[in-house]
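work-v7.cif (mmCIF, C-alpha atoms (C1' of nucleotides)) appears below.
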data_model
loop_
_atom_site.label_atom_id
_atom_site.label_comp_id
_atom_site.auth_asym_id
_atom_site.auth_seq_id
_atom_site.Cartn_x
_atom_site.Cartn_y
_atom_site.Cartn_z
CA MET G 1362 52.78 48.17 72.12
CA GLY G 1363 53.51 46.62 75.48
CA ARG G 1364 56.02 47.60 78.10
CA LYS G 1365 59.64 46.95 77.39
CA PRO G 1366 61.17 44.24 79.57
CA GLN G 1367 63.80 45.54 81.94
CA LYS G 1368 67.38 44.44 81.90
CA ASN G 1369 68.53 42.76 85.02
CA ASP G 1370 71.24 45.38 85.35
CA SER G 1371 69.83 46.78 88.53
CA LEU G 1372 70.06 43.64 90.58
CA PRO G 1373 73.29 41.83 89.88
CA GLY G 1374 73.67 38.63 91.77
CA SER G 1375 70.04 37.79 91.36
CA LEU G 1376 70.67 36.29 87.95
CA ASP G 1377 72.29 33.19 89.40
CA MET G 1378 69.33 32.72 91.68
CA LEU G 1379 66.85 33.09 88.84
CA ILE G 1380 68.67 30.52 86.73
CA LEU G 1381 68.92 28.05 89.57
CA ARG G 1382 65.27 28.57 90.33
CA THR G 1383 64.34 27.91 86.71
CA LEU G 1384 66.41 24.76 86.54
CA SER G 1385 64.96 23.55 89.82
CA LEU G 1386 61.65 23.22 88.00
CA ARG G 1387 62.88 21.49 84.86
CA ASP G 1388 65.97 20.73 82.83
CA LEU G 1389 66.39 23.34 80.17
CA HIS G 1390 68.77 24.84 77.63
CA GLY G 1391 70.05 28.40 77.74
CA TYR G 1392 67.65 29.85 75.26
CA GLY G 1393 64.76 28.23 77.08
CA ILE G 1394 65.89 29.67 80.40
CA VAL G 1395 65.72 33.17 78.97
CA GLN G 1396 62.21 32.53 77.73
CA PHE G 1397 61.03 31.03 80.98
CA ILE G 1398 62.30 33.96 83.03
CA GLN G 1399 60.76 36.43 80.64
CA GLN G 1400 57.40 34.72 80.55
CA SER G 1401 57.10 33.89 84.23
CA SER G 1402 58.02 37.46 85.13
CA ASP G 1403 55.13 38.66 83.02
CA ASN G 1404 57.45 39.96 80.33
CA GLU G 1405 59.28 42.28 82.74
CA LEU G 1406 62.64 40.55 83.02
CA LEU G 1407 64.92 40.26 80.02
CA VAL G 1408 68.12 38.25 80.32
CA GLU G 1409 70.63 39.13 77.63
CA GLU G 1410 72.59 36.31 76.06
CA GLY G 1411 75.79 38.16 76.89
CA SER G 1412 74.83 37.79 80.52
CA LEU G 1413 73.33 34.34 80.37
CA TYR G 1414 76.10 32.22 78.90
CA PRO G 1415 78.85 33.52 81.16
CA ALA G 1416 76.49 32.96 84.07
CA LEU G 1417 75.87 29.37 83.01
CA GLN G 1418 79.61 28.74 82.84
CA ARG G 1419 79.99 30.31 86.27
CA LEU G 1420 77.31 28.10 87.75
CA GLU G 1421 78.72 24.99 86.11
CA LEU G 1422 82.21 25.80 87.37
CA ASN G 1423 80.80 26.04 90.88
CA GLY G 1424 79.19 22.66 90.50
CA TRP G 1425 75.69 24.00 90.87
CA ILE G 1426 74.49 22.92 87.43
CA ASP G 1427 75.49 20.28 84.90
CA GLY G 1428 75.38 20.82 81.16
CA ALA G 1429 75.35 18.25 78.38
CA TRP G 1430 74.73 18.41 74.68
CA GLY G 1431 71.33 17.17 73.69
CA VAL G 1432 68.39 17.91 71.48
CA THR G 1433 65.38 20.14 72.13
CA SER G 1434 61.77 19.33 71.35
CA ASN G 1435 62.34 21.38 68.19
CA ASN G 1436 64.96 18.93 67.05
CA ARG G 1437 67.78 21.39 67.60
CA ARG G 1438 71.19 20.91 69.07
CA ALA G 1439 71.42 22.55 72.49
CA ARG G 1440 73.21 22.35 75.78
CA ILE G 1441 70.73 21.03 78.31
CA TYR G 1442 71.39 22.08 81.88
CA LYS G 1443 70.20 20.43 85.06
CA ILE G 1444 70.60 21.55 88.63
CA THR G 1445 72.78 19.49 90.97
CA THR G 1446 72.20 18.64 94.60
CA THR G 1447 74.71 21.28 95.62
CA GLY G 1448 72.90 23.62 93.31
CA ARG G 1449 69.64 23.12 95.14
CA LYS G 1450 71.33 23.90 98.42
CA GLN G 1451 72.85 26.99 96.89
CA LEU G 1452 69.44 28.06 95.65
CA ALA G 1453 68.08 27.75 99.17
CA VAL G 1454 70.97 29.78 100.56
CA GLU G 1455 70.58 32.52 97.98
CA SER G 1456 66.83 32.68 98.35
CA ARG G 1457 67.13 33.17 102.08
CA LYS G 1458 69.81 35.79 101.66
CA TYR G 1459 67.78 37.58 99.03
CA ALA G 1460 64.71 37.60 101.25
CA LYS G 1461 66.68 39.02 104.18
CA LEU G 1462 68.24 41.70 102.05
CA THR G 1463 65.03 42.87 100.45
CA LEU G 1464 63.39 42.90 103.87
CA ALA G 1465 66.22 45.00 105.27
CA ILE G 1466 65.99 47.40 102.34
CA ALA G 1467 62.25 47.62 102.79
CA ARG G 1468 62.82 48.57 106.40
CA VAL G 1469 65.10 51.44 105.43
CA MET G 1470 62.73 52.58 102.72
CA GLY G 1471 59.90 52.65 105.23
CA ALA G 1472 61.83 54.05 108.19
CA GLU G 1473 61.45 57.47 109.75
CA MET J 407 76.74 37.95 119.98
CA GLY J 408 74.28 39.30 117.46
CA ARG J 409 74.04 38.66 113.80
CA LYS J 410 76.65 40.19 111.56
CA PRO J 411 75.31 42.88 109.28
CA GLN J 412 75.46 41.96 105.62
CA LYS J 413 77.45 43.83 103.08
CA ASN J 414 75.40 45.38 100.35
CA ASP J 415 77.45 43.46 97.83
CA SER J 416 74.52 41.43 96.66
CA LEU J 417 72.35 44.33 95.66
CA PRO J 418 74.37 46.91 93.77
CA GLY J 419 72.36 49.81 92.53
CA SER J 420 70.29 49.86 95.65
CA LEU J 421 72.91 51.85 97.51
CA ASP J 422 72.07 55.06 95.69
CA MET J 423 68.43 54.57 96.51
CA LEU J 424 69.16 53.96 100.18
CA ILE J 425 71.27 57.09 100.44
CA LEU J 426 68.68 59.23 98.67
CA ARG J 427 66.00 57.81 100.90
CA THR J 428 68.02 58.62 104.01
CA LEU J 429 68.68 62.17 102.89
CA SER J 430 65.04 62.62 101.99
CA LEU J 431 64.31 62.39 105.71
CA ARG J 432 67.03 64.71 106.99
CA ASP J 433 70.29 66.38 106.03
CA LEU J 434 73.17 64.23 107.17
CA HIS J 435 76.88 63.63 106.82
CA GLY J 436 78.41 60.48 105.40
CA TYR J 437 79.16 58.78 108.64
CA GLY J 438 75.65 59.49 109.85
CA ILE J 439 74.15 57.99 106.70
CA VAL J 440 75.94 54.74 107.38
CA GLN J 441 74.59 54.66 110.91
CA PHE J 442 71.07 55.48 109.87
CA ILE J 443 70.97 52.72 107.29
CA GLN J 444 72.43 50.24 109.72
CA GLN J 445 70.03 51.11 112.51
CA SER J 446 66.88 51.45 110.45
CA SER J 447 67.61 48.11 108.77
CA ASP J 448 67.69 46.50 112.19
CA ASN J 449 71.46 46.09 112.02
CA GLU J 450 71.30 44.01 108.86
CA LEU J 451 72.73 46.41 106.30
CA LEU J 452 76.31 47.57 106.54
CA VAL J 453 77.57 50.21 104.14
CA GLU J 454 81.35 50.26 103.88
CA GLU J 455 83.05 53.62 103.72
CA GLY J 456 84.83 52.54 100.56
CA SER J 457 81.40 52.22 98.97
CA LEU J 458 79.80 55.21 100.58
CA TYR J 459 82.11 58.06 99.66
CA PRO J 460 82.39 57.19 95.99
CA ALA J 461 78.62 56.86 95.95
CA LEU J 462 78.19 60.30 97.49
CA GLN J 463 80.46 61.80 94.84
CA ARG J 464 78.49 60.00 92.18
CA LEU J 465 75.20 61.34 93.49
CA GLU J 466 76.56 64.85 93.81
CA LEU J 467 77.94 64.76 90.27
CA ASN J 468 74.51 63.77 89.06
CA GLY J 469 73.01 66.72 90.88
CA TRP J 470 70.90 64.57 93.17
CA ILE J 471 72.51 65.73 96.39
CA ASP J 472 74.42 68.79 97.54
CA GLY J 473 77.32 68.66 99.97
CA ALA J 474 78.80 71.44 102.07
CA TRP J 475 81.27 71.55 104.90
CA GLY J 476 79.69 72.04 108.27
CA VAL J 477 79.73 70.88 111.84
CA THR J 478 77.91 67.95 113.42
CA SER J 479 76.10 67.97 116.75
CA ASN J 480 79.28 66.43 118.10
CA ASN J 481 81.23 69.53 117.19
CA ARG J 482 83.08 67.78 114.42
CA ARG J 483 83.93 68.90 110.93
CA ALA J 484 81.89 67.02 108.37
CA ARG J 485 80.40 67.27 104.92
CA ILE J 486 76.67 67.71 105.31
CA TYR J 487 74.62 66.43 102.40
CA LYS J 488 71.11 67.40 101.44
CA ILE J 489 68.92 66.00 98.71
CA THR J 490 68.00 68.23 95.77
CA THR J 491 64.69 68.53 93.98
CA THR J 492 66.06 66.45 91.13
CA GLY J 493 67.26 63.99 93.74
CA ARG J 494 63.75 63.53 95.08
CA LYS J 495 62.50 62.81 91.60
CA GLN J 496 65.31 60.35 91.10
CA LEU J 497 64.41 58.67 94.37
CA ALA J 498 60.86 58.26 93.17
CA VAL J 499 62.05 56.81 89.87
CA GLU J 500 64.41 54.35 91.52
CA SER J 501 61.87 53.29 94.10
CA ARG J 502 59.34 52.48 91.44
CA LYS J 503 61.92 50.63 89.40
CA TYR J 504 63.09 48.70 92.42
CA ALA J 505 59.53 47.74 93.31
CA LYS J 506 58.85 46.51 89.79
CA LEU J 507 62.04 44.51 89.70
CA THR J 508 61.54 42.79 93.02
CA LEU J 509 57.99 42.03 92.06
CA ALA J 510 59.13 40.50 88.78
CA ILE J 511 61.77 38.45 90.57
CA ALA J 512 59.19 37.31 93.09
CA ARG J 513 57.03 36.14 90.21
CA VAL J 514 59.82 34.01 88.81
CA MET J 515 60.68 32.64 92.23
CA GLY J 516 57.07 31.64 92.75
CA ALA J 517 56.36 30.41 89.23
CA GLU J 518 55.73 26.85 88.16
"C1'" DG F 1414 99.33 61.55 126.59
"C1'" DA F 1415 97.68 57.24 124.57
"C1'" DA F 1416 93.89 55.09 122.70
"C1'" DA F 1417 89.54 55.04 120.79
"C1'" DT F 1418 86.11 57.28 118.09
"C1'" DC F 1419 84.43 60.27 114.57
"C1'" DA F 1420 85.00 61.68 110.08
"C1'" DC F 1421 86.88 62.00 105.41
"C1'" DC F 1422 89.28 60.24 101.19
"C1'" DT F 1423 91.68 57.34 97.46
"C1'" DA F 1424 93.80 53.60 94.57
"C1'" DG F 1425 93.44 49.21 92.81
"C1'" DC F 1426 90.92 44.97 92.28
"C1'" DG F 1427 87.38 41.60 91.14
"C1'" DA F 1428 82.74 40.60 89.83
"C1'" DC F 1429 78.95 41.26 87.04
"C1'" DG F 1430 75.92 42.47 83.21
"C1'" DC F 1431 75.83 44.40 78.78
"C1'" DG F 1432 76.62 45.50 73.80
"C1'" DA F 1433 78.32 43.96 69.70
"C1'" DG F 1434 80.00 40.75 67.23
"C1'" DG F 1435 80.44 35.94 65.12
"C1'" DG F 1436 78.90 31.28 64.19
"C1'" DT F 1437 75.76 26.94 62.99
"C1'" DT F 1438 71.59 24.57 61.92
"C1'" DC F 1439 66.83 24.09 60.95
"C1'" DG F 1440 62.32 25.14 58.78
"C1'" DC F 1441 59.61 27.83 55.83
"C1'" DC F 1442 58.15 29.66 51.54
"C1'" DA F 1443 58.55 32.22 47.36
"C1'" DT O 1128 66.11 25.68 45.42
"C1'" DG O 1129 67.89 29.15 47.54
"C1'" DG O 1130 67.28 32.71 50.69
"C1'" DC O 1131 65.84 34.26 55.12
"C1'" DG O 1132 64.70 34.26 59.75
"C1'" DA O 1133 64.49 32.04 64.01
"C1'" DA O 1134 66.57 29.01 67.38
"C1'" DC O 1135 70.66 28.19 69.53
"C1'" DC O 1136 75.62 28.81 71.12
"C1'" DC O 1137 79.76 31.61 72.28
"C1'" DT O 1138 83.39 35.45 73.23
"C1'" DC O 1139 85.67 39.95 73.88
"C1'" DG O 1140 85.98 44.35 75.76
"C1'" DC O 1141 83.77 47.86 78.37
"C1'" DG O 1142 81.63 50.41 82.24
"C1'" DT O 1143 79.89 50.27 86.77
"C1'" DC O 1144 79.88 49.08 91.36
"C1'" DG O 1145 81.24 47.69 95.98
"C1'" DC O 1146 85.09 46.12 98.56
"C1'" DT O 1147 89.74 45.93 100.76
"C1'" DA O 1148 93.34 48.28 102.41
"C1'" DG O 1149 95.45 51.99 103.17
"C1'" DG O 1150 96.03 56.91 104.71
"C1'" DT O 1151 94.73 61.70 107.15
"C1'" DG O 1152 93.34 64.57 111.00
"C1'" DA O 1153 90.45 66.20 114.96
"C1'" DT O 1154 88.13 65.26 119.28
"C1'" DT O 1155 86.86 62.80 123.31
"C1'" DT O 1156 87.98 59.43 127.00
"C1'" DC O 1157 90.76 57.19 130.29
#

structure tokens encoding of this file:
Amino acid sequence: MGRKPQKNDSLPGSLDMLILRTLSLRDLHGYGIVQFIQQSSDNELLVEEGSLYPALQRLELNGWIDGAWGVTSNNRRARIYKITTTGRKQLAVESRKYAKLTLAIARVMGAE
Amino acid sequence: MGRKPQKNDSLPGSLDMLILRTLSLRDLHGYGIVQFIQQSSDNELLVEEGSLYPALQRLELNGWIDGAWGVTSNNRRARIYKITTTGRKQLAVESRKYAKLTLAIARVMGAE
DNA sequence: GAAATCACCTAGCGACGCGAGGGTTCGCCA
DNA sequence: TGGCGAACCCTCGCGTCGCTAGGTGATTTC
């Protein structure tokens, strides 16, 4: 059997970025976001539903995404989310911040 | 004036790794750990004392570091910490995990 | 001798992700 | 046809973590 996907426990804060990134590519419902992240991470990232839905509410509250009831390609009721203009800006901000942080950490991990 | 160092708020979990990494290079006291991380990260990472000391207790409880009262080169009383054998193993584990996670995140951030 | 620096510690708070639970609707197939 | 599993949504309570804000004391510097 394959490797077990990791929980995102170890990098809080990055979940918002991952969701925004996903929605920047296409409108999607919650369940689909989970699948996209899992697949595009090569089955290494697993987003629990107990993390996802609160995160979506958070993001919507901040005005970074917009949700509306719709129907999936499977003919199922679902809340379809799309990223807003502010959301795209936020994604850019978070990406930059994430890059700086990981670079800084890499420096420490490689320092003598 | 220069850039303000970032808080580590955005990457919880990585603090333990940074401390272990620092102590894997040399025995050090808390205050010195903060300075080392700040300097070796090019002044981008700032560890608050309110984060550091609880973290040190955590690590010691887990048996990953050992603390003992001593004296710094400045002739000041301080708790000198050193990494244990188990701590080095833990550092290796966390480093690998961190690398995998950031790689997975990078995949998602670069996916289409 | 006052102020700044070095050095340690704690309590309480807010944020986040998770586990566990509960719910509906659709499609499949025995 | 009726049962079951998958797709889909949601919430509550918990543990962990870093931060803010506060406090302590010793040593150097002016």

Quiz item: Leaving out segment 1433-1436 of chain F and any residue of its chain fewer than 2 positions from it, which residues lie within 12 Å of it when counting all atoms listed in the file, given as a list in words?
Solution: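 These residues fall inside the cut-off: Glu1410 and Gly1411 of chain G; DC1431 and DT1438 of chain F; DC1135, DC1136, DC1137, DT1138, DC1139, DG1140 and DC1141 of chain O.
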
Hey, which bits of chain F sit within 8 Å of chain J, and for each residue what's the closest pair of atoms and how far apart in Å (one decimal), counting only C-alpha atoms (C1' of nucleotides), rows by chain and increasing number, as JSON lines?
{"residue": "F:DC1419", "atom": "C1'", "partner": "J:Arg482", "partner_atom": "CA", "distance": 7.6}
{"residue": "F:DA1420", "atom": "C1'", "partner": "J:Ala484", "partner_atom": "CA", "distance": 6.4}
{"residue": "F:DC1421", "atom": "C1'", "partner": "J:Ala484", "partner_atom": "CA", "distance": 7.7}
{"residue": "F:DC1422", "atom": "C1'", "partner": "J:Tyr459", "partner_atom": "CA", "distance": 7.6}

Practice problem: Apply the PyMOL selection byres ((chain F and resi 1443) around 12) to the structure shown and report the selected residues as a ChimeraX atom specification. | Solution: /F:1441-1442 /O:1128-1131

Mind writing the picked residues with C-alpha atoms (C1' of nucleotides) as a PDB file, in the coordinates of the input?
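Generated output (selection_35.pdb):
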ATOM      1  C1'  DC F1441      59.610  27.830  55.830  1.00  0.00           C
ATOM      2  C1'  DC F1442      58.150  29.660  51.540  1.00  0.00           C
TER       3       DC F1442
ATOM      4  C1'  DT O1128      66.110  25.680  45.420  1.00  0.00           C
ATOM      5  C1'  DG O1129      67.890  29.150  47.540  1.00  0.00           C
ATOM      6  C1'  DG O1130      67.280  32.710  50.690  1.00  0.00           C
ATOM      7  C1'  DC O1131      65.840  34.260  55.120  1.00  0.00           C
TER       8       DC O1131
END

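Between atom CA of Ala474 of chain J and atom CA of Leu462 of chain J there is a distance of 12.1 Å.
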
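With atom CA of Ser430 of chain J on one side and atom CA of Ala510 of chain J on the other, the separation reads 26.4 Å.
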
Quiz prompt | Atom pair atom C1' of DG1152 of chain O / atom CA of Val477 of chain J: separation (Å) | solution =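 Between atom C1' of DG1152 of chain O and atom CA of Val477 of chain J the gap is 15.0 Å.
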
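When all atoms listed in the file are used to measure the gap to chain J, the shortest distance among O:DC1146, O:DT1151, O:DG1132, O:DC1157 belongs to O:DC1146.
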